[in-house]
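**Q** One file: final_11.txt (compact mmCIF, C-alpha atoms).
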```
# COMPACT_ATOMS: atom_id res chain seq x y z
CA MET A 1006 -91.43 93.60 39.19
CA ARG A 1007 -91.22 96.96 37.47
CA TYR A 1008 -94.09 98.82 35.86
CA PHE A 1009 -94.21 101.99 33.78
CA ILE A 1010 -97.13 104.33 34.32
CA GLU A 1011 -98.15 106.86 31.66
CA LEU A 1012 -99.96 109.94 32.90
CA GLN A 1013 -100.90 113.48 31.97
CA TYR A 1014 -101.68 116.48 34.12
CA ASN A 1015 -102.50 120.15 34.28
CA GLY A 1016 -99.74 121.58 36.45
CA SER A 1017 -101.51 124.81 37.42
CA ASN A 1018 -102.24 123.71 41.00
CA TYR A 1019 -98.91 121.99 41.66
CA HIS A 1020 -95.40 122.95 42.65
CA GLY A 1021 -93.96 120.83 39.86
CA TRP A 1022 -93.38 117.09 39.59
CA GLN A 1023 -90.83 116.39 42.32
CA GLN A 1024 -91.99 115.66 45.86
CA GLN A 1025 -91.06 118.44 48.29
CA ILE A 1026 -91.65 119.40 51.90
CA ASN A 1027 -94.61 121.76 52.40
CA ALA A 1028 -95.58 121.77 48.71
CA ILE A 1029 -98.20 119.92 46.67
CA THR A 1030 -96.61 118.01 43.78
CA ILE A 1031 -97.59 115.46 41.15
CA GLN A 1032 -95.14 112.86 42.48
CA GLU A 1033 -96.55 113.18 45.98
CA LYS A 1034 -100.13 112.66 44.77
CA LEU A 1035 -99.14 109.62 42.72
CA ASN A 1036 -97.05 108.06 45.51
CA THR A 1037 -99.92 108.46 47.97
CA ALA A 1038 -102.54 106.99 45.64
CA LEU A 1039 -100.41 103.99 44.64
CA SER A 1040 -99.39 103.29 48.25
CA ILE A 1041 -103.04 103.26 49.36
CA LEU A 1042 -104.22 100.98 46.56
CA LEU A 1043 -101.27 98.57 46.61
CA LYS A 1044 -101.09 98.55 50.43
CA THR A 1045 -97.32 99.12 50.45
CA THR A 1046 -95.03 102.12 50.25
CA ILE A 1047 -94.55 103.14 46.62
CA ASN A 1048 -92.04 105.72 45.42
CA VAL A 1049 -92.36 106.45 41.71
CA MET A 1050 -89.41 107.63 39.62
CA GLY A 1051 -90.38 110.13 36.94
CA ALA A 1052 -88.91 110.63 33.49
CA GLY A 1053 -88.03 114.19 34.40
CA ARG A 1054 -88.91 117.15 36.56
CA THR A 1055 -91.46 119.67 35.39
CA ASP A 1056 -91.36 123.00 37.22
CA ALA A 1057 -94.24 124.61 39.10
CA GLY A 1058 -97.11 125.40 36.76
CA VAL A 1059 -95.78 123.33 33.85
CA HIS A 1060 -98.10 120.76 32.25
CA ALA A 1061 -97.61 117.29 30.78
CA GLU A 1062 -99.58 115.68 27.99
CA GLN A 1063 -97.38 112.62 28.37
CA LEU A 1064 -95.08 111.72 31.24
CA PHE A 1065 -93.84 108.31 32.31
CA ALA A 1066 -92.79 107.09 35.75
CA HIS A 1067 -91.81 103.66 37.03
CA PHE A 1068 -92.50 101.83 40.27
CA ASP A 1069 -91.63 98.41 41.72
CA VAL A 1070 -93.88 95.83 43.37
CA GLU A 1071 -93.33 92.26 44.49
CA ASN A 1072 -96.42 90.72 42.87
CA GLU A 1073 -98.16 91.15 39.54
CA ILE A 1074 -100.98 93.68 39.51
CA ASP A 1075 -104.32 93.80 37.73
CA ILE A 1076 -103.52 96.72 35.44
CA LYS A 1077 -107.06 97.52 34.30
CA ILE A 1078 -108.42 97.66 37.86
CA LEU A 1079 -105.46 99.70 39.11
CA ILE A 1080 -105.90 102.31 36.35
CA TYR A 1081 -109.60 102.59 37.16
CA LYS A 1082 -109.01 102.98 40.90
CA LEU A 1083 -106.15 105.47 40.46
CA ASN A 1084 -108.27 107.72 38.28
CA ALA A 1085 -111.07 107.47 40.85
CA ILE A 1086 -108.96 108.74 43.77
CA LEU A 1087 -106.50 111.08 42.06
CA PRO A 1088 -107.45 114.76 41.62
CA PRO A 1089 -109.25 115.48 38.31
CA ASP A 1090 -106.24 117.37 36.94
CA ILE A 1091 -104.09 114.19 37.00
CA VAL A 1092 -105.07 111.33 34.68
CA ILE A 1093 -103.54 107.85 34.35
CA LEU A 1094 -103.47 106.71 30.72
CA THR A 1095 -101.72 103.32 30.80
CA ILE A 1096 -99.67 101.01 33.01
CA PHE A 1097 -97.47 98.30 31.55
CA LYS A 1098 -94.84 95.85 32.73
CA VAL A 1099 -91.21 96.48 31.77
CA LYS A 1100 -87.87 94.79 32.29
CA ASN A 1101 -86.36 95.33 35.72
CA GLU A 1102 -83.49 97.42 34.34
CA ALA A 1103 -85.82 99.80 32.46
CA HIS A 1104 -85.71 103.31 33.93
CA ALA A 1105 -88.26 106.06 33.32
CA ARG A 1106 -85.57 108.73 33.28
CA PHE A 1107 -82.41 107.10 31.99
CA SER A 1108 -83.95 104.78 29.37
CA ALA A 1109 -85.65 107.62 27.49
CA ILE A 1110 -84.34 108.25 23.98
CA SER A 1111 -85.93 111.65 23.45
CA ARG A 1112 -88.27 114.19 24.99
CA SER A 1113 -90.47 116.77 23.29
CA TYR A 1114 -91.85 120.03 24.64
CA GLU A 1115 -94.21 122.67 23.31
CA TYR A 1116 -94.51 126.28 24.40
CA ARG A 1117 -97.91 127.77 23.61
CA ILE A 1118 -98.59 131.49 23.21
CA TRP A 1119 -102.06 132.90 22.60
CA LEU A 1120 -101.92 136.11 20.58
CA GLY A 1121 -104.58 138.15 22.36
CA LYS A 1122 -106.82 137.24 25.30
CA ASN A 1123 -108.75 134.03 25.82
CA PRO A 1124 -110.26 133.45 29.29
CA PHE A 1125 -110.60 129.70 28.71
CA LEU A 1126 -106.90 129.21 27.90
CA ARG A 1127 -105.54 131.52 30.58
CA THR A 1128 -103.85 128.76 32.64
CA VAL A 1129 -102.47 126.79 29.68
CA THR A 1130 -101.06 129.52 27.42
CA TRP A 1131 -99.03 132.68 27.80
CA GLN A 1132 -101.25 135.44 26.45
CA GLN A 1133 -99.64 138.40 24.69
CA ASN A 1134 -100.56 141.06 22.14
CA PHE A 1135 -97.26 141.15 20.24
CA SER A 1136 -96.75 139.94 16.64
CA PRO A 1137 -93.22 138.48 16.39
CA SER A 1138 -91.67 137.46 13.08
CA ILE A 1139 -92.07 133.68 12.84
CA LEU A 1140 -89.73 133.66 9.84
CA LYS A 1141 -86.87 135.16 11.85
CA MET A 1142 -87.57 132.97 14.89
CA ASN A 1143 -87.49 129.84 12.73
CA GLU A 1144 -84.24 130.95 11.12
CA ALA A 1145 -82.72 131.23 14.61
CA SER A 1146 -84.38 128.02 15.82
CA SER A 1147 -82.72 126.01 13.05
CA LEU A 1148 -79.32 127.07 14.40
CA LEU A 1149 -79.99 125.22 17.66
CA LEU A 1150 -79.45 121.93 15.81
CA ASN A 1151 -75.85 122.98 15.08
CA TYR A 1152 -74.85 123.29 18.73
CA LYS A 1153 -74.41 120.89 21.68
CA ASP A 1154 -73.54 123.05 24.71
CA PHE A 1155 -76.52 125.04 25.96
CA LYS A 1156 -75.18 126.41 29.23
CA CYS A 1157 -76.50 129.84 28.23
CA PHE A 1158 -80.08 128.56 28.56
CA SER A 1159 -79.60 126.59 31.79
CA LYS A 1160 -80.75 127.72 35.20
CA SER A 1161 -77.86 128.89 37.38
CA LYS A 1162 -76.42 126.54 40.01
CA THR A 1163 -77.76 123.44 38.28
CA ASP A 1164 -76.10 120.22 39.44
CA VAL A 1165 -75.23 118.58 36.10
CA ASN A 1166 -72.05 116.99 34.73
CA ASN A 1167 -72.32 118.87 31.43
CA TYR A 1168 -74.62 121.14 29.45
CA ASN A 1169 -74.67 119.06 26.26
CA CYS A 1170 -77.98 118.30 24.55
CA SER A 1171 -78.70 116.96 21.07
CA ILE A 1172 -81.61 118.96 19.66
CA THR A 1173 -83.28 117.27 16.69
CA GLU A 1174 -86.27 119.59 16.19
CA ALA A 1175 -86.88 123.27 16.93
CA VAL A 1176 -89.64 125.02 15.02
CA TRP A 1177 -92.39 127.62 15.45
CA LYS A 1178 -95.89 127.04 14.03
CA GLN A 1179 -98.98 129.23 14.05
CA GLU A 1180 -102.63 128.21 13.79
CA GLY A 1181 -104.92 131.21 14.10
CA ASN A 1182 -104.13 132.95 17.38
CA LEU A 1183 -102.10 130.02 18.74
CA LEU A 1184 -98.34 130.33 18.32
CA THR A 1185 -96.46 127.17 19.34
CA PHE A 1186 -92.76 126.38 19.68
CA HIS A 1187 -91.93 122.67 19.22
CA ILE A 1188 -88.61 121.27 20.42
CA THR A 1189 -87.21 117.72 20.73
CA ALA A 1190 -83.90 116.60 22.23
CA ASP A 1191 -82.28 113.68 24.00
CA ARG A 1192 -82.28 115.68 27.25
CA PHE A 1193 -83.08 119.15 28.55
CA LEU A 1194 -81.45 121.36 31.16
CA ARG A 1195 -83.43 123.06 33.92
CA ASN A 1196 -85.40 126.02 32.57
CA MET A 1197 -83.89 125.43 29.12
CA VAL A 1198 -87.02 125.55 26.96
CA ARG A 1199 -88.44 128.66 28.63
CA ALA A 1200 -85.10 130.47 28.27
CA ILE A 1201 -84.82 129.48 24.59
CA VAL A 1202 -88.35 130.74 23.92
CA GLY A 1203 -87.66 134.04 25.69
CA THR A 1204 -84.51 134.56 23.62
CA LEU A 1205 -86.13 133.59 20.30
CA LEU A 1206 -88.94 136.04 20.96
CA GLU A 1207 -86.35 138.83 21.24
CA ILE A 1208 -85.29 137.93 17.70
CA GLY A 1209 -88.89 137.85 16.52
CA LEU A 1210 -89.48 141.28 18.05
CA GLU A 1211 -86.21 142.58 16.52
CA LYS A 1212 -84.55 143.29 19.85
CA ILE A 1213 -81.54 141.14 18.95
CA SER A 1214 -80.14 139.75 15.69
CA ILE A 1215 -79.41 136.23 14.46
CA ASN A 1216 -75.69 136.92 14.99
CA ASP A 1217 -76.44 138.01 18.56
CA PHE A 1218 -78.21 134.69 19.05
CA LYS A 1219 -75.14 132.77 17.87
CA LYS A 1220 -72.91 134.75 20.25
CA ILE A 1221 -75.25 134.07 23.18
CA ILE A 1222 -74.96 130.31 22.63
CA GLU A 1223 -71.19 130.40 22.04
CA ASN A 1224 -70.47 132.65 25.05
CA LYS A 1225 -72.28 130.17 27.36
CA ASN A 1226 -73.43 132.94 29.71
CA ARG A 1227 -77.01 132.76 31.02
CA SER A 1228 -77.11 136.51 31.70
CA GLU A 1229 -76.75 137.24 27.96
CA ALA A 1230 -79.81 135.18 26.96
CA GLY A 1231 -83.41 136.36 27.18
CA VAL A 1232 -85.74 136.07 30.13
CA SER A 1233 -87.54 132.82 30.90
CA VAL A 1234 -91.14 132.95 29.73
CA PRO A 1235 -93.90 132.02 32.24
CA ALA A 1236 -94.49 128.38 33.16
CA GLN A 1237 -98.15 128.05 32.19
CA GLY A 1238 -97.44 127.92 28.45
CA LEU A 1239 -95.03 124.97 28.69
CA PHE A 1240 -96.09 121.36 27.99
CA LEU A 1241 -94.08 118.15 28.08
CA THR A 1242 -95.71 116.42 25.12
CA LYS A 1243 -93.85 113.22 24.29
CA ILE A 1244 -91.21 110.83 25.65
CA VAL A 1245 -89.79 108.05 23.48
CA TYR A 1246 -88.32 104.76 24.76
CA PRO A 1247 -86.73 101.80 23.00
CA LYS A 1248 -89.14 98.90 22.42
CA GLU A 1249 -86.71 96.59 24.23
CA ILE A 1250 -87.79 97.88 27.66
CA ILE A 1251 -91.15 96.06 27.41
CA ASP A 1252 -91.20 92.81 29.36
```
Kindly return the structure encoded in the file as structure tokens.

**A**
Amino acid sequence: MRYFIELQYNGSNYHGWQQQINAITIQEKLNTALSILLKTTINVMGAGRTDAGVHAEQLFAHFDVENEIDIKILIYKLNAILPPDIVILTIFKVKNEAHARFSAISRSYEYRIWLGKNPFLRTVTWQQNFSPSILKMNEASSLLLNYKDFKCFSKSKTDVNNYNCSITEAVWKQEGNLLTFHITADRFLRNMVRAIVGTLLEIGLEKISINDFKKIIENKNRSEAGVSVPAQGLFLTKIVYPKEIID
């Protein structure tokens, strides 16, 4: 039997999602907790990999067990033994072919910048004193929907078959001191969102032009794009699945 588990976490104290040797990760903590409670070895498969320091307001993973579980009790016990910066929201039964990674229709991320200093948001925003042009950054952001190949924003030496992504939303919004970049696509490449943000900020700060931005995408060269912004401002916020996966 296959179950989906919905969780959220603050990634500040973790070396990303994926289990690694000699590193504390979200996947490792979840595998350990589930294996203890279900009294069998559990290896969860996540919807994607968040890098070290990146957060998730919504992430799904799936795991398999032989017998039905009491969902309400399992959620309660998981939240009791997991660290306080990892929270289980829901668990639900799905069809056996449903896959947390490959069944996803879309994923959404946000990158959050605090304009100034705020000691309470230090680990969940990138704090800067600049004032970029949101108008120019949104003009450039809208161009992302016209392209498919985003090799220029992908981490080097990434093991993927292609660099194609279908971006359906890319927009900057500001509320007070909080500047947020929202982006949704069917898939994302490694380091892609942080590289896009770094490049868009160069437009907002008038270091490069809109035409430069187009050339960066079309030349498909990572070295031409902007730097990757720090991890602590990045949040995985939403993953969408077809309703048919529910058992």

**Q** Within 12 Å of Lys1044 of chain A, counting all atoms listed in the file, which residues show up once you throw out same-chain ones fewer than 4 positions away? Write them as a ChimeraX atom specification, please.

**A** /A:1036-1040,1070-1072,1074

**Q** Counting all atoms listed in the file, what is within 6 Å of segment 1112-1118 of chain A, bar same-chain residues fewer than 2 positions away, as a ChimeraX atom specification?

**A** /A:1130-1132,1183-1190,1238-1244

**Q** Which residues are near Lys1248 of chain A? Cut-off 12 Å, all atoms listed in the file, ignore same chain within fewer than 3 positions. Put them as a list in words.

**A**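 Those residues are Val1099, Lys1100, Ala1103, Ser1108, Ala1109, Ile1110, Val1245, Ile1251 and Asp1252 of chain A.
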
**Q** So how far away is atom CA of Leu1206 of chain A from atom CA of Ser1138 of chain A, in Å?

**A**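 Answer for the atom CA of Ser1138 of chain A to atom CA of Leu1206 of chain A separation: 8.5 Å.
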
**Q** Counting only C-alpha atoms, I want the residues whose atoms come within 12 Å of (-106.9, 98.7, 41.5) in the file frame, returned as an MDAnalysis selection string.

**A** chainID A and resid 1038:1044 1073:1086 1096

**Q** Only C-alpha atoms, please: the residues just picked out, written as a JSON list (two decimals), keeping the file's coordinate frame.

**A**
```
[["chain", "number", "residue", "atom", "x", "y", "z"],
["A", 1038, "ALA", "CA", -102.54, 106.99, 45.64],
["A", 1039, "LEU", "CA", -100.41, 103.99, 44.64],
["A", 1040, "SER", "CA", -99.39, 103.29, 48.25],
["A", 1041, "ILE", "CA", -103.04, 103.26, 49.36],
["A", 1042, "LEU", "CA", -104.22, 100.98, 46.56],
["A", 1043, "LEU", "CA", -101.27, 98.57, 46.61],
["A", 1044, "LYS", "CA", -101.09, 98.55, 50.43],
["A", 1073, "GLU", "CA", -98.16, 91.15, 39.54],
["A", 1074, "ILE", "CA", -100.98, 93.68, 39.51],
["A", 1075, "ASP", "CA", -104.32, 93.80, 37.73],
["A", 1076, "ILE", "CA", -103.52, 96.72, 35.44],
["A", 1077, "LYS", "CA", -107.06, 97.52, 34.30],
["A", 1078, "ILE", "CA", -108.42, 97.66, 37.86],
["A", 1079, "LEU", "CA", -105.46, 99.70, 39.11],
["A", 1080, "ILE", "CA", -105.90, 102.31, 36.35],
["A", 1081, "TYR", "CA", -109.60, 102.59, 37.16],
["A", 1082, "LYS", "CA", -109.01, 102.98, 40.90],
["A", 1083, "LEU", "CA", -106.15, 105.47, 40.46],
["A", 1084, "ASN", "CA", -108.27, 107.72, 38.28],
["A", 1085, "ALA", "CA", -111.07, 107.47, 40.85],
["A", 1086, "ILE", "CA", -108.96, 108.74, 43.77],
["A", 1096, "ILE", "CA", -99.67, 101.01, 33.01]]
```

**Q** Would you mind telling me which residue in A:Cys1170, A:Leu1149, A:Leu1194, A:Ile1213 lies nearest to Thr1055 of chain A when using all atoms listed in the file?

**A**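 Checking each candidate against Thr1055 of chain A, we get A:Leu1194 as the closest.
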
**Q** Work out where the centre of an axis-aligned box around every listed atom of segment 1156-1162 of chain A lies and how long its edges are once 8 Å is added on each side; give both in Å to one decimal as AutoDock Vina command-line options.

**A**
```
--center_x -78.0 --center_y 128.1 --center_z 34.1 --size_x 21.6 --size_y 19.4 --size_z 27.8
```

**Q** May I ask which of the residues A:Ile1172, A:Ile1222, A:Asn1182, A:Ala1230 is the closest one to Asn1123 of chain A, counting only C-alpha atoms?

**A** A:Asn1182

**Q** Identify, on the basis of only C-alpha atoms, every residue whose closest approach to Ala1057 of chain A does not exceed 9 Å; exclude the query and any residue fewer than 5 positions from it along the same chain; express the result as a list in words.

**A**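 After dropping sequence-adjacent residues, the list is Gly1016, Ser1017, Asn1018, Tyr1019, His1020, Gly1021, Trp1022, Thr1030, Ala1236 and Gln1237 of chain A.
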
**Q** Just checking: using only C-alpha atoms, which residue out of A:Lys1220, A:Lys1153, A:Lys1178, A:Arg1106 ends up closest to Ala1066 of chain A?

**A** A:Arg1106

**Q** Between A:Val1165, A:Ile1215, A:Leu1210, A:Val1049, which residue has the minimum interatomic distance to Arg1192 of chain A, considering only C-alpha atoms?

**A** A:Val1165

**Q** Which residue, A:Met1006, A:Tyr1014, A:Glu1180, A:Tyr1246, has the smallest gap to Leu1094 of chain A when you use all atoms listed in the file?

**A**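 Going through A:Met1006, A:Tyr1014, A:Glu1180, A:Tyr1246 one by one, the smallest distance to Leu1094 of chain A is for A:Tyr1014.
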
**Q** Could you add all heavy atoms to segment 1213-1224 of chain A and give me the result as a CSV table (one decimal), in the frame of the given file?

**A**
```csv
chain,number,residue,atom,x,y,z
A,1213,ILE,N,-82.9,141.6,19.2
A,1213,ILE,CA,-81.5,141.1,19.0
A,1213,ILE,C,-81.5,140.5,17.5
A,1213,ILE,O,-82.6,140.2,17.0
A,1213,ILE,CB,-81.1,140.1,20.0
A,1213,ILE,CG1,-82.0,138.9,20.0
A,1213,ILE,CG2,-81.0,140.7,21.4
A,1213,ILE,CD1,-81.5,137.7,20.8
A,1214,SER,N,-80.3,140.3,17.0
A,1214,SER,CA,-80.1,139.8,15.7
A,1214,SER,C,-79.8,138.3,15.7
A,1214,SER,O,-79.5,137.7,16.8
A,1214,SER,CB,-79.0,140.5,15.0
A,1214,SER,OG,-77.8,140.2,15.6
A,1215,ILE,N,-79.8,137.6,14.6
A,1215,ILE,CA,-79.4,136.2,14.5
A,1215,ILE,C,-78.0,136.1,14.9
A,1215,ILE,O,-77.6,135.1,15.6
A,1215,ILE,CB,-79.6,135.7,13.0
A,1215,ILE,CG1,-81.0,135.8,12.5
A,1215,ILE,CG2,-79.0,134.3,12.9
A,1215,ILE,CD1,-82.0,134.9,13.2
A,1216,ASN,N,-77.1,137.0,14.6
A,1216,ASN,CA,-75.7,136.9,15.0
A,1216,ASN,C,-75.6,137.1,16.5
A,1216,ASN,O,-74.7,136.4,17.1
A,1216,ASN,CB,-74.9,138.0,14.3
A,1216,ASN,CG,-74.5,137.6,12.9
A,1216,ASN,OD1,-74.5,136.5,12.5
A,1216,ASN,ND2,-74.3,138.6,12.0
A,1217,ASP,N,-76.4,137.9,17.1
A,1217,ASP,CA,-76.4,138.0,18.6
A,1217,ASP,C,-76.8,136.7,19.2
A,1217,ASP,O,-76.2,136.3,20.2
A,1217,ASP,CB,-77.5,139.1,19.0
A,1217,ASP,CG,-77.1,140.5,18.6
A,1217,ASP,OD1,-75.8,140.7,18.5
A,1217,ASP,OD2,-78.0,141.3,18.4
A,1218,PHE,N,-77.8,136.0,18.6
A,1218,PHE,CA,-78.2,134.7,19.0
A,1218,PHE,C,-77.1,133.7,19.0
A,1218,PHE,O,-76.9,132.9,20.0
A,1218,PHE,CB,-79.4,134.2,18.2
A,1218,PHE,CG,-80.0,132.9,18.7
A,1218,PHE,CD1,-80.7,132.9,19.9
A,1218,PHE,CD2,-80.0,131.8,17.9
A,1218,PHE,CE1,-81.4,131.8,20.3
A,1218,PHE,CE2,-80.6,130.6,18.4
A,1218,PHE,CZ,-81.3,130.6,19.6
A,1219,LYS,N,-76.3,133.7,18.0
A,1219,LYS,CA,-75.1,132.8,17.9
A,1219,LYS,C,-74.1,133.1,19.0
A,1219,LYS,O,-73.6,132.2,19.6
A,1219,LYS,CB,-74.5,132.9,16.5
A,1219,LYS,CG,-75.2,132.4,15.3
A,1219,LYS,CD,-74.4,132.6,14.0
A,1219,LYS,CE,-75.2,132.2,12.8
A,1219,LYS,NZ,-74.4,132.5,11.6
A,1220,LYS,N,-73.9,134.4,19.2
A,1220,LYS,CA,-72.9,134.8,20.2
A,1220,LYS,C,-73.4,134.3,21.6
A,1220,LYS,O,-72.6,133.9,22.5
A,1220,LYS,CB,-72.7,136.3,20.2
A,1220,LYS,CG,-71.9,136.7,18.9
A,1220,LYS,CD,-71.8,138.2,18.9
A,1220,LYS,CE,-71.0,138.7,17.6
A,1220,LYS,NZ,-71.0,140.1,17.6
A,1221,ILE,N,-74.7,134.5,21.9
A,1221,ILE,CA,-75.2,134.1,23.2
A,1221,ILE,C,-75.0,132.6,23.5
A,1221,ILE,O,-74.5,132.2,24.6
A,1221,ILE,CB,-76.8,134.3,23.2
A,1221,ILE,CG1,-77.0,135.8,23.3
A,1221,ILE,CG2,-77.4,133.6,24.4
A,1221,ILE,CD1,-78.5,136.2,23.1
A,1222,ILE,N,-75.2,131.8,22.5
A,1222,ILE,CA,-75.0,130.3,22.6
A,1222,ILE,C,-73.5,130.0,22.8
A,1222,ILE,O,-73.1,129.3,23.7
A,1222,ILE,CB,-75.5,129.5,21.4
A,1222,ILE,CG1,-77.0,129.7,21.3
A,1222,ILE,CG2,-75.1,128.0,21.6
A,1222,ILE,CD1,-77.6,129.1,20.0
A,1223,GLU,N,-72.6,130.7,22.0
A,1223,GLU,CA,-71.2,130.4,22.0
A,1223,GLU,C,-70.5,131.0,23.3
A,1223,GLU,O,-69.5,130.4,23.8
A,1223,GLU,CB,-70.5,131.0,20.8
A,1223,GLU,CG,-71.0,130.2,19.5
A,1223,GLU,CD,-70.6,130.9,18.2
A,1223,GLU,OE1,-70.0,131.9,18.3
A,1223,GLU,OE2,-71.0,130.3,17.1
A,1224,ASN,N,-71.1,132.0,23.8
A,1224,ASN,CA,-70.5,132.6,25.0
A,1224,ASN,C,-70.8,131.9,26.3
A,1224,ASN,O,-70.2,132.1,27.4
A,1224,ASN,CB,-70.9,134.1,25.2
A,1224,ASN,CG,-70.3,135.0,24.1
A,1224,ASN,OD1,-69.3,134.6,23.5
A,1224,ASN,ND2,-70.8,136.2,24.0
```
